[in-house]
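Chemist: Right, I'll just put the structure down here and ask away after.
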2 protein chains.
Amino acid sequence: MQRTANHADSLKSEEFVAPKGNELTVGVDLGGTKIQAAVVDRAGGVLATHRTETDVQGGPSKAVDDIARCVHACAPDLSGIGAVGVGVAGQVDAATGTVRSAPNLGWRDFPLADRLEAALGIPVVVENDVRAITWGVWRHGAGRDIDDLIVLFVGTGVGGGIVSGGQLLTGDRGVAGELGHATLVADGRLCTCGRRGCVEAYTGGWAIAARAREAIEADPDAGQGILDAAGKGDVTAVVVSQAAADGDRLAAKLLEETGRYLGAAVVGLVHALNPRRIVLGGGVVDGNPFLVDAVASAVKADAIPIFADRLDVTGSQLGSQAGVIGSASLARRRLEEGSREGG
Amino acid sequence: MQRTANHADSLKSEEFVAPKGNELTVGVDLGGTKIQAAVVDRAGGVLATHRTETDVQGGPSKAVDDIARCVHACAPDLSGIGAVGVGVAGQVDAATGTVRSAPNLGWRDFPLADRLEAALGIPVVVENDVRAITWGVWRHGAGRDIDDLIVLFVGTGVGGGIVSGGQLLTGDRGVAGELGHATLVADGRLCTCGRRGCVEAYTGGWAIAARAREAIEADPDAGQGILDAAGKGDVTAVVVSQAAADGDRLAAKLLEETGRYLGAAVVGLVHALNPRRIVLGGGVVDGNPFLVDAVASAVKADAIPIFADRLDVTGSQLGSQAGVIGSASLARRRLEEGSREGG
């Protein structure tokens, strides 16, 4: 694809111009609070990055403009960029690049890939954010040497991705990997999806906050430390982590319970899928790194031996760049395989 | 492979002699109570079958003899048989044909494929029984037109198999699909695997019996109908089904709960794997066919719409022959692909 670049842009983007015209891809992480874009090389290295706030009120058309601006800001000359990948928190039809449902953004059935291709003039792939991360972890992160991998990202919500037998599983509609809505407690706590007992309803950031508020209401004296940590703000998962770090017992108990819930969820997934490695990430895990060990201990203690023997549990090794690296590596796959399809 | 067949055997087996020498395969279903073998054609049709009781006390060597006798009884002339497939309830290393652990048989680390090949002189593949059934369902049963399939067999125990993106998932050690030990209730009922809260600990035949006994103890009056149905025998899942069929309210309630537990388990699996179809089978489902509808209703009511929209829930269409047809179709794959591997 040839484009006319003006001289200033050519200068600014000099470092990104690749010999074959598609050595680099751009990854975009589209969330409910921010849009981040990054130029990523073949090895998963981030060369430039740009971020902006998400204007949820502006709707999907405004988001397309903002994403395009974000892409141009970190890659002024697109002639060195082969494709753009976008990860979105929600259900995505990867074959068409349509966002089926993104509750944080308030979107339904929006053809994001088509609109963004029209705006940028280069190929665009769209995937669920954690499926994109899973691809990035498999290509460039903690899963790069293995073919059977489960990625579980625990942030405000909980998302996942599954690589089995060297394939990123997509399922019938391209939405496989919603591990946050696997069953943890039949008829248990109400989830944002409307169902009861999902993994997310116990371990997601919003659920940790809800469990904390309930515990404080049940025992205000025990809850004072968390309330102090919150100050004038709300009780959130971040506040609970801070209180625990400051030695608060209720907060520590809530996080220990979170570890046991995550462990039980992971053991169930291990029995279903027999992975070689579990990769954990997301804000809740990054803020409470002991959760990785808690899950590893649960697997060793509770999983059937042949499933546990050589399984390991680790962080993603991609840090806060996991989203953009994952999306960029999906765009790379598009170039290599010539298909938008996630599977 | 050439063999000298005596005249009598040639006559008896005339109907099985295939033009190319491997048109037929034999499937064996090896369980804790019976060994069943069947000659199966390319279309999944059963041409002959033979069964014998399992001599658990005799150990694995006796079982090899009994399986070989069973195979010869239904296929007297093996020259028309390309390979034998064996399905075993337990963890199997399909790549080597070693039974890692089969609690019903009391086996650990037994090289069944090697021993049976030595006894029969033709290739043998060994797989977990429900993984073999899954392959059979995919090739010849309710899953034959689709590429994303979950098979869940609920008998005394609960087993499963997953086809995703046109691949039978095996996982890292060849034991993926232990859906009976997916998590249903974190910290819930104790399972035979030693862990708490597995799907099997609520829905397996032994668990239905245990739940019935607890309910009878808690309310002996309400439990009288089930005790009457049991007569002088034990309270089993079959007894509960009989009592429910005779109008007993406690039995009906226990089975209705079983349906809700199965539904919650399946909805979780649906979110993790996004299958096109769920295929249910096994003694508990065959004895209580309304469970198929109960699970279908749970999926429609509780699964996220894009996961539920075109998902269906059905029986296996292979009836009581599911085990032997599945094992025989795995043997067929061995012939076609030249590998023992299950994946």
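Ordering of the structure tokens sets the chain letters (A, B, ...), residue numbers begin anew at 1 in every chain, and ligands are numbered from 1 in the order given.
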DSSP on the backbone: what in region 56-262 of chain B comes out alpha helix (DSSP H), as an MDAnalysis selection string?
Modeler: chainID B and resid 59:74 112:120 129:140 200:203 205:218 220:230 237:245 249:262
Chemist: Kindly determine which residues of chain B lie within 6 Å of chain A, considering only C-alpha atoms, and give the answer as number ranges by chain.
Modeler: B: 148, 171-172, 176-179, 181-186, 195, 264, 268, 271-276, 302
Chemist: Could you list, as a list in words, every residue within 9 Å of Ala215 (chain B), counting only C-alpha atoms and ignoring same-chain residues fewer than 5 positions away?
Modeler: Ala210, Pro220, Ala222, Gly223, Leu250 and Leu254 of chain B
Chemist: Write the selection just made, keeping N, CA and C atoms, as an mmCIF file, in the first residue's frame?
Modeler:
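The result, written out as result-v9.cif:
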data_model
loop_
_atom_site.group_PDB
_atom_site.id
_atom_site.type_symbol
_atom_site.label_atom_id
_atom_site.label_comp_id
_atom_site.auth_asym_id
_atom_site.auth_seq_id
_atom_site.Cartn_x
_atom_site.Cartn_y
_atom_site.Cartn_z
ATOM 1 N N ALA B 210 -25.764 -40.075 46.953
ATOM 2 C CA ALA B 210 -25.339 -39.503 48.238
ATOM 3 C C ALA B 210 -26.263 -38.370 48.660
ATOM 4 N N PRO B 220 -37.000 -38.256 57.010
ATOM 5 C CA PRO B 220 -37.329 -39.654 56.714
ATOM 6 C C PRO B 220 -38.728 -39.835 56.114
ATOM 7 N N ALA B 222 -40.393 -37.775 54.105
ATOM 8 C CA ALA B 222 -40.325 -37.425 52.686
ATOM 9 C C ALA B 222 -39.532 -38.472 51.908
ATOM 10 N N GLY B 223 -38.599 -39.138 52.576
ATOM 11 C CA GLY B 223 -37.726 -40.094 51.903
ATOM 12 C C GLY B 223 -38.298 -41.489 51.755
ATOM 13 N N LEU B 250 -39.758 -36.124 46.540
ATOM 14 C CA LEU B 250 -38.355 -35.866 46.901
ATOM 15 C C LEU B 250 -37.420 -36.285 45.762
ATOM 16 N N LEU B 254 -34.836 -33.970 43.752
ATOM 17 C CA LEU B 254 -33.400 -34.258 43.631
ATOM 18 C C LEU B 254 -32.949 -34.211 42.174
#
Chemist: Could you check the closest approach to Leu152 (chain A) for each of A:Leu112, A:Pro123, A:Glu214, A:Thr203 and tell me which residue wins, using only C-alpha atoms?
Modeler: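 The answer is A:Thr203, which sits nearest to Leu152 (chain A).
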Chemist: Kindly indicate which residue among A:Val71, A:Leu190, A:Ala331, A:Val126 lies nearest to Ala83 (chain A), using only C-alpha atoms for the distances.
Modeler: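 Closest residue, counting only C-alpha atoms: A:Ala331.
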Chemist: What are the DSSP strand (DSSP E or B) residues of region 251-317 of chain A, as a list in words?
Modeler: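 Written out, the strand (DSSP E or B) residues of region 251-317 of chain A are Arg277, Ile278, Val279, Leu280, Gly281, Asp312, Val313, Thr314 and Gly315 of chain A.
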Chemist: May I have the residues from that selection written out with N, CA and C atoms, as a compact mmCIF listing (two decimals), in the first residue's frame?
Modeler:
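Full text of out.txt as output:
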# COMPACT_ATOMS: atom_id res chain seq x y z
N ARG A 277 0.60 -24.15 31.12
CA ARG A 277 0.90 -22.94 31.89
C ARG A 277 -0.36 -22.08 32.04
N ILE A 278 -0.46 -21.48 33.23
CA ILE A 278 -1.50 -20.48 33.50
C ILE A 278 -0.80 -19.14 33.60
N VAL A 279 -1.26 -18.16 32.83
CA VAL A 279 -0.67 -16.83 32.89
C VAL A 279 -1.71 -15.86 33.47
N LEU A 280 -1.36 -15.23 34.57
CA LEU A 280 -2.27 -14.31 35.25
C LEU A 280 -1.82 -12.87 35.05
N GLY A 281 -2.76 -11.97 34.91
CA GLY A 281 -2.44 -10.56 34.79
C GLY A 281 -3.64 -9.71 35.11
N ASP A 312 2.72 -24.80 35.34
CA ASP A 312 3.17 -23.68 36.15
C ASP A 312 2.26 -22.48 36.00
N VAL A 313 2.34 -21.58 36.97
CA VAL A 313 1.48 -20.41 37.06
C VAL A 313 2.40 -19.19 37.14
N THR A 314 2.25 -18.25 36.22
CA THR A 314 3.16 -17.10 36.18
C THR A 314 2.41 -15.82 35.83
N GLY A 315 3.13 -14.69 35.93
CA GLY A 315 2.65 -13.43 35.39
C GLY A 315 2.86 -13.39 33.88
Chemist: Near Ala48 (chain A), within 8 Å and counting only C-alpha atoms, which residues show up once chain neighbours fewer than 4 positions away are dropped, as a list of chain:residue names?
Modeler: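 The residues that qualify are A:Ala38, A:Val39, A:Val40, A:Cys74, A:Ala75.
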